[in-house]
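K.L.:
Okay, so here is coords07.pdb, and as you'll see once you scroll down, it has PDB, C-alpha atoms (C1' of nucleotides).
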```pdb
ATOM      1  CA  MET B   1     -13.656-136.002 214.277
ATOM      2  CA  PRO B   2     -14.820-139.148 212.530
ATOM      3  CA  GLU B   3     -14.794-138.269 208.839
ATOM      4  CA  LEU B   4     -15.816-140.362 205.859
ATOM      5  CA  PRO B   5     -13.152-143.102 206.278
ATOM      6  CA  GLU B   6     -13.849-143.445 209.980
ATOM      7  CA  VAL B   7     -17.626-143.550 209.530
ATOM      8  CA  GLU B   8     -17.228-146.053 206.696
ATOM      9  CA  THR B   9     -15.087-148.238 208.955
ATOM     10  CA  ILE B  10     -17.696-148.050 211.702
ATOM     11  CA  LYS B  11     -20.426-148.895 209.212
ATOM     12  CA  ARG B  12     -18.620-152.025 208.069
ATOM     13  CA  GLU B  13     -17.883-153.259 211.552
ATOM     14  CA  LEU B  14     -21.425-152.652 212.745
ATOM     15  CA  SER B  15     -22.893-154.326 209.685
ATOM     16  CA  ALA B  16     -20.977-157.505 210.424
ATOM     17  CA  LYS B  17     -22.545-157.750 213.858
ATOM     18  CA  LEU B  18     -25.923-156.083 213.653
ATOM     19  CA  LEU B  19     -27.572-156.872 210.340
ATOM     20  CA  GLY B  20     -30.757-158.803 210.924
ATOM     21  CA  ARG B  21     -30.745-158.174 214.673
ATOM     22  CA  ARG B  22     -33.804-156.905 216.485
ATOM     23  CA  PHE B  23     -33.801-154.252 219.195
ATOM     24  CA  SER B  24     -34.691-155.853 222.499
ATOM     25  CA  ASP B  25     -34.080-152.805 224.692
ATOM     26  CA  VAL B  26     -33.037-149.170 224.469
ATOM     27  CA  GLU B  27     -31.715-147.334 227.520
ATOM     28  CA  ILE B  28     -31.397-143.567 227.297
ATOM     29  CA  PHE B  29     -29.173-141.912 229.871
ATOM     30  CA  ASP B  30     -29.018-138.538 228.145
ATOM     31  CA  GLU B  31     -31.733-137.238 225.898
ATOM     32  CA  LYS B  32     -29.649-134.467 224.383
ATOM     33  CA  PRO B  33     -28.516-136.566 221.387
ATOM     34  CA  LEU B  34     -32.136-137.321 220.472
ATOM     35  CA  ARG B  35     -33.312-134.769 217.935
ATOM     36  CA  GLY B  36     -36.969-134.089 217.464
ATOM     37  CA  ILE B  37     -38.149-137.107 219.421
ATOM     38  CA  SER B  38     -38.757-137.896 223.065
ATOM     39  CA  PRO B  39     -36.874-140.732 224.766
ATOM     40  CA  ARG B  40     -40.136-142.577 225.355
ATOM     41  CA  GLU B  41     -41.214-142.330 221.716
ATOM     42  CA  PHE B  42     -37.730-143.184 220.443
ATOM     43  CA  ARG B  43     -37.613-146.337 222.513
ATOM     44  CA  ARG B  44     -41.145-147.348 221.614
ATOM     45  CA  ARG B  45     -40.524-147.054 217.887
ATOM     46  CA  LEU B  46     -37.238-148.996 217.998
ATOM     47  CA  MET B  47     -38.336-151.912 220.165
ATOM     48  CA  GLY B  48     -38.707-155.097 218.147
ATOM     49  CA  GLN B  49     -37.491-153.536 214.906
ATOM     50  CA  ARG B  50     -35.018-155.458 212.810
ATOM     51  CA  ILE B  51     -31.980-153.782 211.246
ATOM     52  CA  GLU B  52     -32.323-154.437 207.529
ATOM     53  CA  ASP B  53     -29.342-152.414 206.358
ATOM     54  CA  ILE B  54     -26.630-150.080 207.574
ATOM     55  CA  SER B  55     -25.319-147.450 205.202
ATOM     56  CA  ARG B  56     -23.394-144.213 205.191
ATOM     57  CA  SER B  57     -24.129-140.815 203.680
ATOM     58  CA  GLY B  58     -21.305-138.360 204.173
ATOM     59  CA  LYS B  59     -20.537-138.622 207.871
ATOM     60  CA  TYR B  60     -23.992-139.925 208.776
ATOM     61  CA  LEU B  61     -24.744-143.549 209.652
ATOM     62  CA  LEU B  62     -28.139-144.826 208.534
ATOM     63  CA  PHE B  63     -29.841-147.829 210.096
ATOM     64  CA  GLN B  64     -32.677-149.014 207.882
ATOM     65  CA  LEU B  65     -35.362-150.606 210.049
ATOM     66  CA  SER B  66     -38.024-153.170 209.261
ATOM     67  CA  SER B  67     -40.649-150.561 210.152
ATOM     68  CA  ASP B  68     -39.474-148.523 207.150
ATOM     69  CA  GLU B  69     -38.120-145.911 209.485
ATOM     70  CA  THR B  70     -34.458-144.971 209.541
ATOM     71  CA  MET B  71     -32.367-144.315 212.616
ATOM     72  CA  ILE B  72     -29.658-141.841 211.661
ATOM     73  CA  ILE B  73     -26.617-141.151 213.821
ATOM     74  CA  HIS B  74     -24.025-138.406 213.452
ATOM     75  CA  LEU B  75     -21.037-138.771 215.781
ATOM     76  CA  ARG B  76     -19.799-135.205 215.330
ATOM     77  CA  MET B  77     -16.625-134.637 217.338
ATOM     78  CA  THR B  78     -16.463-137.175 220.111
ATOM     79  CA  GLY B  79     -19.250-139.666 219.504
ATOM     80  CA  ALA B  80     -18.467-143.373 219.339
ATOM     81  CA  LEU B  81     -20.413-146.592 218.827
ATOM     82  CA  LEU B  82     -19.000-149.553 220.695
ATOM     83  CA  LEU B  83     -19.970-153.205 220.361
ATOM     84  CA  ASP B  84     -20.054-155.126 223.635
ATOM     85  CA  PRO B  85     -17.487-152.936 225.387
ATOM     86  CA  LYS B  86     -15.552-154.826 228.043
ATOM     87  CA  GLU B  87     -15.568-152.012 230.548
ATOM     88  CA  ARG B  88     -18.264-149.644 231.619
ATOM     89  CA  GLU B  89     -18.009-146.485 229.539
ATOM     90  CA  LYS B  90     -17.870-143.182 231.350
ATOM     91  CA  PHE B  91     -19.778-141.086 228.815
ATOM     92  CA  THR B  92     -22.502-143.511 227.857
ATOM     93  CA  ARG B  93     -25.525-141.691 226.432
ATOM     94  CA  ILE B  94     -27.578-144.538 224.968
ATOM     95  CA  ILE B  95     -27.373-148.328 225.160
ATOM     96  CA  PHE B  96     -29.019-150.404 222.444
ATOM     97  CA  ARG B  97     -29.560-154.082 223.201
ATOM     98  CA  PHE B  98     -30.330-156.718 220.595
ATOM     99  CA  ASP B  99     -31.724-160.194 220.539
ATOM    100  CA  GLY B 100     -28.920-162.682 220.893
ATOM    101  CA  GLY B 101     -27.263-160.488 223.509
ATOM    102  CA  THR B 102     -25.272-157.998 221.449
ATOM    103  CA  THR B 103     -25.022-154.530 222.945
ATOM    104  CA  LEU B 104     -24.279-151.280 221.127
ATOM    105  CA  VAL B 105     -23.179-148.375 223.307
ATOM    106  CA  PHE B 106     -23.327-144.793 222.109
ATOM    107  CA  THR B 107     -20.800-142.675 224.011
ATOM    108  CA  ASP B 108     -20.130-138.988 223.527
ATOM    109  CA  VAL B 109     -17.946-136.840 225.755
ATOM    110  CA  ARG B 110     -18.950-133.489 224.342
ATOM    111  CA  ARG B 111     -22.565-134.257 223.520
ATOM    112  CA  PHE B 112     -22.484-132.842 220.010
ATOM    113  CA  GLY B 113     -23.620-136.135 218.534
ATOM    114  CA  ALA B 114     -27.090-136.428 217.046
ATOM    115  CA  VAL B 115     -29.554-139.314 216.796
ATOM    116  CA  TYR B 116     -32.651-139.132 214.605
ATOM    117  CA  LEU B 117     -35.507-141.487 213.858
ATOM    118  CA  VAL B 118     -37.348-140.575 210.681
ATOM    119  CA  ARG B 119     -39.661-141.903 207.996
ATOM    120  CA  ASN B 120     -37.963-139.890 205.307
ATOM    121  CA  LYS B 121     -34.193-139.970 205.537
ATOM    122  CA  ALA B 122     -33.915-137.126 203.067
ATOM    123  CA  ASP B 123     -35.149-134.880 205.863
ATOM    124  CA  ILE B 124     -31.714-135.348 207.409
ATOM    125  CA  VAL B 125     -29.299-136.251 204.611
ATOM    126  CA  GLY B 126     -31.136-134.773 201.636
ATOM    127  CA  ARG B 127     -28.998-131.691 201.377
ATOM    128  CA  LEU B 128     -25.661-133.476 201.303
ATOM    129  CA  GLY B 129     -23.474-132.997 198.269
ATOM    130  CA  VAL B 130     -21.858-135.600 196.049
ATOM    131  CA  GLU B 131     -20.257-138.703 197.555
ATOM    132  CA  PRO B 132     -16.567-138.383 196.735
ATOM    133  CA  LEU B 133     -16.084-142.126 196.217
ATOM    134  CA  SER B 134     -19.089-142.509 193.926
ATOM    135  CA  GLU B 135     -18.775-142.748 190.150
ATOM    136  CA  GLU B 136     -20.753-139.571 189.977
ATOM    137  CA  PHE B 137     -17.788-137.655 191.384
ATOM    138  CA  THR B 138     -15.612-136.846 188.371
ATOM    139  CA  PRO B 139     -13.045-134.101 187.746
ATOM    140  CA  GLU B 140     -15.653-132.368 185.606
ATOM    141  CA  VAL B 141     -18.216-132.481 188.400
ATOM    142  CA  LEU B 142     -15.664-131.098 190.835
ATOM    143  CA  ALA B 143     -14.805-128.308 188.402
ATOM    144  CA  GLY B 144     -18.472-127.394 188.203
ATOM    145  CA  LEU B 145     -18.784-127.359 191.979
ATOM    146  CA  LEU B 146     -15.825-124.999 192.355
ATOM    147  CA  ALA B 147     -16.529-122.695 189.437
ATOM    148  CA  GLY B 148     -17.200-119.112 190.389
ATOM    149  CA  ARG B 149     -16.707-119.621 194.101
ATOM    150  CA  ARG B 150     -14.662-117.043 195.944
ATOM    151  CA  ALA B 151     -14.528-118.864 199.274
ATOM    152  CA  PRO B 152     -11.221-120.541 200.195
ATOM    153  CA  ILE B 153     -10.882-124.045 198.746
ATOM    154  CA  LYS B 154     -10.493-125.392 202.268
ATOM    155  CA  ALA B 155     -13.866-123.958 203.273
ATOM    156  CA  VAL B 156     -15.525-125.402 200.184
ATOM    157  CA  LEU B 157     -14.061-128.867 200.788
ATOM    158  CA  LEU B 158     -15.545-128.777 204.274
ATOM    159  CA  ASP B 159     -18.973-127.722 203.023
ATOM    160  CA  GLN B 160     -21.043-130.900 203.259
ATOM    161  CA  THR B 161     -23.607-129.595 200.787
ATOM    162  CA  VAL B 162     -20.876-129.510 198.134
ATOM    163  CA  ILE B 163     -19.009-132.780 198.801
ATOM    164  CA  ALA B 164     -20.174-135.097 201.583
ATOM    165  CA  GLY B 165     -17.813-136.622 204.099
ATOM    166  CA  ILE B 166     -14.566-134.676 203.911
ATOM    167  CA  GLY B 167     -13.503-133.177 207.233
ATOM    168  CA  ASN B 168     -10.610-131.142 208.484
ATOM    169  CA  MET B 169      -7.939-133.851 208.395
ATOM    170  CA  TYR B 170      -8.555-135.229 204.931
ATOM    171  CA  ALA B 171      -9.115-131.783 203.427
ATOM    172  CA  ASP B 172      -5.677-130.729 204.678
ATOM    173  CA  GLU B 173      -4.097-133.914 203.361
ATOM    174  CA  ALA B 174      -5.683-133.568 199.920
ATOM    175  CA  LEU B 175      -4.532-129.949 199.636
ATOM    176  CA  PHE B 176      -0.995-130.790 200.706
ATOM    177  CA  SER B 177      -0.850-133.679 198.275
ATOM    178  CA  THR B 178      -1.725-131.344 195.412
ATOM    179  CA  GLY B 179       0.330-128.349 196.532
ATOM    180  CA  ILE B 180      -2.701-126.118 196.893
ATOM    181  CA  HIS B 181      -2.782-123.459 199.620
ATOM    182  CA  PRO B 182      -5.917-123.761 201.788
ATOM    183  CA  LEU B 183      -6.796-120.091 201.285
ATOM    184  CA  THR B 184      -6.794-120.288 197.476
ATOM    185  CA  PRO B 185     -10.176-119.100 196.203
ATOM    186  CA  ALA B 186     -11.941-122.250 195.005
ATOM    187  CA  GLY B 187     -12.914-120.746 191.671
ATOM    188  CA  LYS B 188      -9.320-119.838 190.864
ATOM    189  CA  LEU B 189      -8.047-123.404 190.611
ATOM    190  CA  ASN B 190      -7.050-124.384 187.092
ATOM    191  CA  SER B 191      -8.124-127.613 185.447
ATOM    192  CA  THR B 192      -4.810-129.319 186.173
ATOM    193  CA  GLN B 193      -5.149-128.537 189.862
ATOM    194  CA  ILE B 194      -8.765-129.645 189.915
ATOM    195  CA  ARG B 195      -7.925-132.942 188.277
ATOM    196  CA  ALA B 196      -5.120-133.506 190.778
ATOM    197  CA  LEU B 197      -7.342-132.548 193.704
ATOM    198  CA  HIS B 198     -10.047-134.913 192.542
ATOM    199  CA  GLY B 199      -7.555-137.760 192.351
ATOM    200  CA  ALA B 200      -6.001-136.909 195.699
ATOM    201  CA  ILE B 201      -9.353-136.828 197.499
ATOM    202  CA  ARG B 202     -10.275-140.276 196.253
ATOM    203  CA  LYS B 203      -6.890-141.802 196.809
ATOM    204  CA  ILE B 204      -6.539-140.454 200.340
ATOM    205  CA  LEU B 205     -10.049-141.501 201.375
ATOM    206  CA  VAL B 206      -9.705-144.996 199.916
ATOM    207  CA  ARG B 207      -6.357-145.514 201.580
ATOM    208  CA  ALA B 208      -7.670-144.282 204.935
ATOM    209  CA  ILE B 209     -10.609-146.679 204.751
ATOM    210  CA  GLY B 210      -8.132-149.469 204.093
ATOM    211  CA  SER B 211      -6.337-148.446 207.289
ATOM    212  CA  GLY B 212      -9.513-148.508 209.373
ATOM    213  CA  GLY B 213      -9.540-144.731 209.783
ATOM    214  CA  ALA B 214      -7.268-142.467 211.779
ATOM    215  CA  SER B 215      -7.062-143.206 215.499
ATOM    216  CA  VAL B 216      -6.358-139.664 216.602
ATOM    217  CA  SER B 217      -8.365-137.648 219.067
ATOM    218  CA  THR B 218     -11.366-139.609 220.272
ATOM    219  CA  TYR B 219     -12.101-141.827 217.282
ATOM    220  CA  ARG B 220     -12.870-145.380 218.346
ATOM    221  CA  ARG B 221     -13.780-148.378 216.283
ATOM    222  CA  PRO B 222     -16.754-150.458 217.429
ATOM    223  CA  GLY B 223     -14.651-153.514 218.215
ATOM    224  CA  GLY B 224     -11.854-151.577 219.882
ATOM    225  CA  GLU B 225      -9.232-152.039 217.152
ATOM    226  CA  ILE B 226      -6.930-149.179 216.237
ATOM    227  CA  GLY B 227      -7.052-147.419 212.871
ATOM    228  CA  THR B 228      -3.706-146.507 211.316
ATOM    229  CA  ALA B 229      -4.607-143.894 208.693
ATOM    230  CA  HIS B 230      -2.923-141.136 210.723
ATOM    231  CA  PHE B 231       0.457-142.735 210.082
ATOM    232  CA  ASP B 232       0.043-141.522 206.501
ATOM    233  CA  PHE B 233      -0.686-137.935 207.519
ATOM    234  CA  LYS B 234       1.753-135.400 206.113
ATOM    235  CA  VAL B 235       0.255-132.231 207.585
ATOM    236  CA  ALA B 236      -2.953-133.028 209.493
ATOM    237  CA  HIS B 237      -2.280-132.919 213.235
ATOM    238  CA  CYS B 238       1.343-132.103 212.366
ATOM    239  CA  GLY B 239       1.624-128.514 213.574
ATOM    240  CA  GLY B 240       5.279-127.598 214.255
ATOM    241  CA  LYS B 241       6.641-130.710 212.538
ATOM    242  CA  LYS B 242       8.715-130.683 209.373
ATOM    243  CA  CYS B 243       7.253-131.107 205.924
ATOM    244  CA  PRO B 244       8.227-134.603 204.709
ATOM    245  CA  ARG B 245       8.793-133.204 201.231
ATOM    246  CA  CYS B 246      10.877-130.065 201.851
ATOM    247  CA  ARG B 247      11.575-130.001 205.592
ATOM    248  CA  ALA B 248       9.938-126.599 206.074
ATOM    249  CA  GLU B 249       7.922-126.243 209.272
ATOM    250  CA  ILE B 250       4.240-127.079 208.939
ATOM    251  CA  GLN B 251       2.174-123.961 209.577
ATOM    252  CA  ARG B 252      -1.291-123.452 210.950
ATOM    253  CA  VAL B 253      -3.741-120.954 209.540
ATOM    254  CA  ARG B 254      -7.324-120.262 210.523
ATOM    255  CA  VAL B 255      -9.848-120.801 207.759
ATOM    256  CA  ARG B 256     -13.409-120.042 208.817
ATOM    257  CA  ASN B 257     -12.430-120.454 212.450
ATOM    258  CA  ARG B 258     -10.984-123.888 211.780
ATOM    259  CA  SER B 259      -7.338-124.875 211.932
ATOM    260  CA  SER B 260      -5.688-125.695 208.635
ATOM    261  CA  TYR B 261      -2.260-127.262 208.571
ATOM    262  CA  TYR B 262      -0.143-126.798 205.478
ATOM    263  CA  CYS B 263       3.422-126.484 204.215
ATOM    264  CA  PRO B 264       4.267-122.864 203.374
ATOM    265  CA  GLN B 265       6.853-124.007 200.808
ATOM    266  CA  CYS B 266       4.926-126.746 199.034
ATOM    267  CA  GLN B 267       1.575-124.935 199.150
ATOM    268  CA  GLU B 268       2.312-121.364 198.156
ATOM    269  CA  LEU B 269      -0.500-118.897 197.836
ATOM    270  CA  ASP B 270      -0.380-117.298 194.410
ATOM    271  CA  ARG B 271      -0.650-113.586 195.109
ATOM    272  CA  ASP B 272      -1.913-112.773 191.633
ATOM    273  CA  VAL B 273      -4.796-115.051 192.230
ATOM    274  CA  THR B 274      -6.029-113.576 195.483
TER     275      THR B 274
ATOM    276  C1'  DC Q   1     -27.811-118.192 196.555
ATOM    277  C1'  DA Q   2     -22.946-117.541 198.492
ATOM    278  C1'  DT Q   3     -20.427-116.566 202.335
ATOM    279  C1'  DT Q   4     -19.101-115.674 207.072
ATOM    280  C1'  DG Q   5     -19.504-115.747 212.051
ATOM    281  C1'  DT Q   6     -21.384-117.631 216.438
ATOM    282  C1'  DC Q   7     -22.777-121.178 219.260
ATOM    283  C1'  DC Q   8     -23.029-125.679 221.173
ATOM    284  C1'  DC Q   9     -20.093-128.779 224.627
ATOM    285  C1'  DT Q  10     -16.407-130.664 227.766
ATOM    286  C1'  DG Q  11     -11.880-132.648 228.808
ATOM    287  C1'  DG Q  12      -7.212-131.992 228.417
ATOM    288  C1'  DA Q  13      -3.245-129.171 227.660
ATOM    289  C1'  DA Q  14      -0.857-125.047 228.455
ATOM    290  C1'  DG Q  15       0.143-120.955 231.047
ATOM    291  C1'  DC Q  16       0.741-118.540 235.327
TER     292       DC Q  16
ATOM    293  C1'  DT H   1      -0.402-127.656 243.353
ATOM    294  C1'  DG H   2      -4.288-125.232 241.711
ATOM    295  C1'  DC H   3      -6.530-121.962 239.112
ATOM    296  C1'  DT H   4      -7.615-119.870 234.549
ATOM    297  C1'  DT H   5      -7.584-119.802 229.650
ATOM    298  C1'  DC H   6      -7.337-121.827 225.370
ATOM    299  C1'  DC H   7      -8.190-125.336 222.074
ATOM    300  C1'  DA H   8     -10.384-129.113 219.483
ATOM    301  C1'  DG H   9     -14.289-128.595 215.283
ATOM    302  C1'  DG H  10     -19.109-130.514 212.547
ATOM    303  C1'  DG H  11     -23.065-128.568 211.633
ATOM    304  C1'  DA H  12     -27.318-125.610 212.758
ATOM    305  C1'  DC H  13     -28.502-121.207 212.468
ATOM    306  C1'  DA H  14     -28.409-116.165 211.918
ATOM    307  C1'  DA H  15     -26.594-112.342 209.664
ATOM    308  C1'  DT H  16     -24.791-109.980 205.652
TER     309       DT H  16
END
```
What would you get if you wrote out this structure as structure tokens?
P.N.:
Amino acid sequence: MPELPEVETIKRELSAKLLGRRFSDVEIFDEKPLRGISPREFRRRLMGQRIEDISRSGKYLLFQLSSDETMIIHLRMTGALLLDPKEREKFTRIIFRFDGGTTLVFTDVRRFGAVYLVRNKADIVGRLGVEPLSEEFTPEVLAGLLAGRRAPIKAVLLDQTVIAGIGNMYADEALFSTGIHPLTPAGKLNSTQIRALHGAIRKILVRAIGSGGASVSTYRRPGGEIGTAHFDFKVAHCGGKKCPRCRAEIQRVRVRNRSSYYCPQCQELDRDVT
DNA sequence: CATTGTCCCTGGAAGC
DNA sequence: TGCTTCCAGGGACAAT
């Protein structure tokens, strides 16, 4: 469930502690997260490497190494990266140790998380769409991305090859904020709606980053602090509650086998348009 | 290419 | 109490 704001928060907190550190040991307790590389080879190629930079692309974390390789981690649903955890973690998959004694623990209950080590990071993140907080992402660009698409806007917002980093929670929030029904065909949005959606996406993501992400489900920050972005949620994770705007009951609808929460009053589906 | 559906995975909640 | 079923959902992949 970590989405862009959560991954950005993790990136910042890891950067503060890990930039310039060298790997002194790597312990692999579960090789499932390792993609396309054996535990032995993974460890060998990390040992002694210095972390030159930590960045984020969509929901991926990228660790630029002194060897010119990049370790890329995707936390998927339940993955977490913890710095010097006080207690032994139950679902520890990998432990990274660094010179100076810092420890980074990768935990993942459901084992969906993925860890890569590559020369060419584009092999992993090359197909991602536009970064929604970059200058490149304008209302005009968004309009171009949506034009002609018949898929529901919710499905398109979740498509990482279109826009990178938006997940289920923030897609629902952006649609509620703009009064757009999640099943509206993406190509049917008018320019006013697109402009509003563009603004809402940026505003909601920026605000959530400022709150350290949303501490719902299994999201955990590296240092153990709590994110508060979920206190701003109007519909996400609010099934059965009342709409803060009109008091109608928040509904759930399945869009591409994923739950979408929305207000049936504030986000009406225009029948002419479907 | 655009779009949709299935699978992966496991703990926790809900139902009986 | 204890068993079963459902649910969470990002992304790879296959199918259409």
K.L.:
With 10 Å as the limit and counting all atoms listed in the file, what residues in chain H lie close to chain B? Please list them as a ChimeraX atom specification.
P.N.:
/H:8-11
K.L.:
Residues of the last selection are to be written out with C-alpha atoms (C1' of nucleotides), as a PDB file, in the frame of the given file.
P.N.:
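Contents of result03.pdb, as written:
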```pdb
ATOM      1  C1'  DA H   8     -10.384-129.113 219.483  1.00  0.00           C
ATOM      2  C1'  DG H   9     -14.289-128.595 215.283  1.00  0.00           C
ATOM      3  C1'  DG H  10     -19.109-130.514 212.547  1.00  0.00           C
ATOM      4  C1'  DG H  11     -23.065-128.568 211.633  1.00  0.00           C
TER       5       DG H  11
END
```
K.L.:
Can you work out which residues from chain B touch chain Q at a cut-off of 7 Å (counting only C-alpha atoms (C1' of nucleotides)) and hand them back as a list of chain:residue names?
P.N.:
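Those within range of chain Q come out as B:Val109, B:Arg110, B:Arg111, B:Phe112.
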K.L.:
Let me know the residues the PyMOL selection byres ((chain B and resi 157) around 12) catches in the file above, as JSON, numbers by chain.
P.N.:
{"B": [129, 130, 132, 142, 145, 146, 149, 151, 152, 153, 154, 155, 156, 158, 159, 160, 161, 162, 163, 164, 165, 166, 167, 168, 169, 170, 171, 172, 173, 174, 175, 182, 183, 184, 185, 186, 197, 198, 201, 255, 256, 260]}
K.L.:
Just want the 8 Å neighbourhood of segment 133-139 of chain B, counted on all atoms listed in the file, with same-chain residues fewer than 2 positions away dropped. Output as an mmCIF file with C-alpha atoms, in the frame of the given file.
P.N.:
```cif
data_model
loop_
_atom_site.group_PDB
_atom_site.id
_atom_site.type_symbol
_atom_site.label_atom_id
_atom_site.label_comp_id
_atom_site.auth_asym_id
_atom_site.auth_seq_id
_atom_site.Cartn_x
_atom_site.Cartn_y
_atom_site.Cartn_z
ATOM 1 C CA VAL B 130 -21.858 -135.600 196.049
ATOM 2 C CA GLU B 131 -20.257 -138.703 197.555
ATOM 3 C CA VAL B 141 -18.216 -132.481 188.400
ATOM 4 C CA LEU B 142 -15.664 -131.098 190.835
ATOM 5 C CA ALA B 143 -14.805 -128.308 188.402
ATOM 6 C CA ILE B 194 -8.765 -129.645 189.915
ATOM 7 C CA ARG B 195 -7.925 -132.942 188.277
ATOM 8 C CA HIS B 198 -10.047 -134.913 192.542
ATOM 9 C CA ARG B 202 -10.275 -140.276 196.253
ATOM 10 C CA LEU B 205 -10.049 -141.501 201.375
ATOM 11 C CA VAL B 206 -9.705 -144.996 199.916
#
```
K.L.:
By how many Å are atom CA of Asp68 of chain B and atom CA of Arg119 of chain B apart?
P.N.:
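Between atom CA of Asp68 of chain B and atom CA of Arg119 of chain B the gap is 6.7 Å.
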K.L.:
Within 9 Å of Gly240 of chain B, counting all atoms listed in the file, which residues qualify if same-chain residues fewer than 3 places away don't, as a PyMOL selection string?
P.N.:
chain B and resi 249-252
K.L.:
Could you check how far atom CA of Arg44 of chain B sits from atom CA of Pro222 of chain B, in Å to one decimal?
P.N.:
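Atom-to-atom, atom CA of Arg44 of chain B to atom CA of Pro222 of chain B, that is 24.9 Å.
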K.L.:
Would you compute the distance between atom CA of Ile73 of chain B and atom CA of Ala114 of chain B? Give it in Å to one decimal.
P.N.:
5.7 Å
K.L.:
Apply the PyMOL selection byres ((chain B and resi 62) around 10) to the displayed file and report the matching residues as a PyMOL selection string.
P.N.:
chain B and resi 11+53-57+59-61+63-65+70-74+116-117+121+125
K.L.:
Model the absent atoms of segment 166-171 of chain B so that all heavy atoms are present, and write the result as a PDB file, keeping the file's coordinate frame.
P.N.:
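See rebuild.pdb below for the written result:
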```pdb
ATOM      1  N   ILE B 166     -15.932-135.149 203.670  1.00  0.00           N
ATOM      2  CA  ILE B 166     -14.566-134.676 203.911  1.00  0.00           C
ATOM      3  C   ILE B 166     -14.571-133.775 205.136  1.00  0.00           C
ATOM      4  O   ILE B 166     -15.405-132.882 205.252  1.00  0.00           O
ATOM      5  CB  ILE B 166     -14.029-133.891 202.696  1.00  0.00           C
ATOM      6  CG1 ILE B 166     -14.001-134.792 201.463  1.00  0.00           C
ATOM      7  CG2 ILE B 166     -12.625-133.352 202.994  1.00  0.00           C
ATOM      8  CD1 ILE B 166     -13.590-134.057 200.194  1.00  0.00           C
ATOM      9  N   GLY B 167     -13.645-134.011 206.047  1.00  0.00           N
ATOM     10  CA  GLY B 167     -13.503-133.177 207.233  1.00  0.00           C
ATOM     11  C   GLY B 167     -12.144-132.518 207.248  1.00  0.00           C
ATOM     12  O   GLY B 167     -11.413-132.527 206.251  1.00  0.00           O
ATOM     13  N   ASN B 168     -11.813-131.963 208.379  1.00  0.00           N
ATOM     14  CA  ASN B 168     -10.610-131.142 208.484  1.00  0.00           C
ATOM     15  C   ASN B 168      -9.320-131.895 208.138  1.00  0.00           C
ATOM     16  O   ASN B 168      -8.466-131.385 207.422  1.00  0.00           O
ATOM     17  CB  ASN B 168     -10.517-130.567 209.899  1.00  0.00           C
ATOM     18  CG  ASN B 168      -9.812-129.237 209.915  1.00  0.00           C
ATOM     19  OD1 ASN B 168      -9.891-128.469 208.959  1.00  0.00           O
ATOM     20  ND2 ASN B 168      -9.101-128.960 210.978  1.00  0.00           N
ATOM     21  N   MET B 169      -9.192-133.106 208.624  1.00  0.00           N
ATOM     22  CA  MET B 169      -7.939-133.851 208.395  1.00  0.00           C
ATOM     23  C   MET B 169      -7.734-134.181 206.919  1.00  0.00           C
ATOM     24  O   MET B 169      -6.664-133.918 206.360  1.00  0.00           O
ATOM     25  CB  MET B 169      -7.961-135.184 209.159  1.00  0.00           C
ATOM     26  CG  MET B 169      -8.107-135.059 210.646  1.00  0.00           C
ATOM     27  SD  MET B 169      -8.031-136.681 211.453  1.00  0.00           S
ATOM     28  CE  MET B 169      -9.433-137.545 210.758  1.00  0.00           C
ATOM     29  N   TYR B 170      -8.739-134.765 206.304  1.00  0.00           N
ATOM     30  CA  TYR B 170      -8.555-135.229 204.931  1.00  0.00           C
ATOM     31  C   TYR B 170      -8.553-134.075 203.934  1.00  0.00           C
ATOM     32  O   TYR B 170      -7.924-134.167 202.873  1.00  0.00           O
ATOM     33  CB  TYR B 170      -9.589-136.307 204.592  1.00  0.00           C
ATOM     34  CG  TYR B 170      -9.379-137.536 205.449  1.00  0.00           C
ATOM     35  CD1 TYR B 170     -10.233-137.824 206.507  1.00  0.00           C
ATOM     36  CD2 TYR B 170      -8.271-138.353 205.257  1.00  0.00           C
ATOM     37  CE1 TYR B 170     -10.010-138.918 207.338  1.00  0.00           C
ATOM     38  CE2 TYR B 170      -8.033-139.445 206.078  1.00  0.00           C
ATOM     39  CZ  TYR B 170      -8.904-139.725 207.119  1.00  0.00           C
ATOM     40  OH  TYR B 170      -8.665-140.794 207.946  1.00  0.00           O
ATOM     41  N   ALA B 171      -9.212-132.974 204.280  1.00  0.00           N
ATOM     42  CA  ALA B 171      -9.115-131.783 203.427  1.00  0.00           C
ATOM     43  C   ALA B 171      -7.674-131.271 203.424  1.00  0.00           C
ATOM     44  O   ALA B 171      -7.108-130.975 202.369  1.00  0.00           O
ATOM     45  CB  ALA B 171     -10.073-130.699 203.922  1.00  0.00           C
TER      46      ALA B 171
END
```
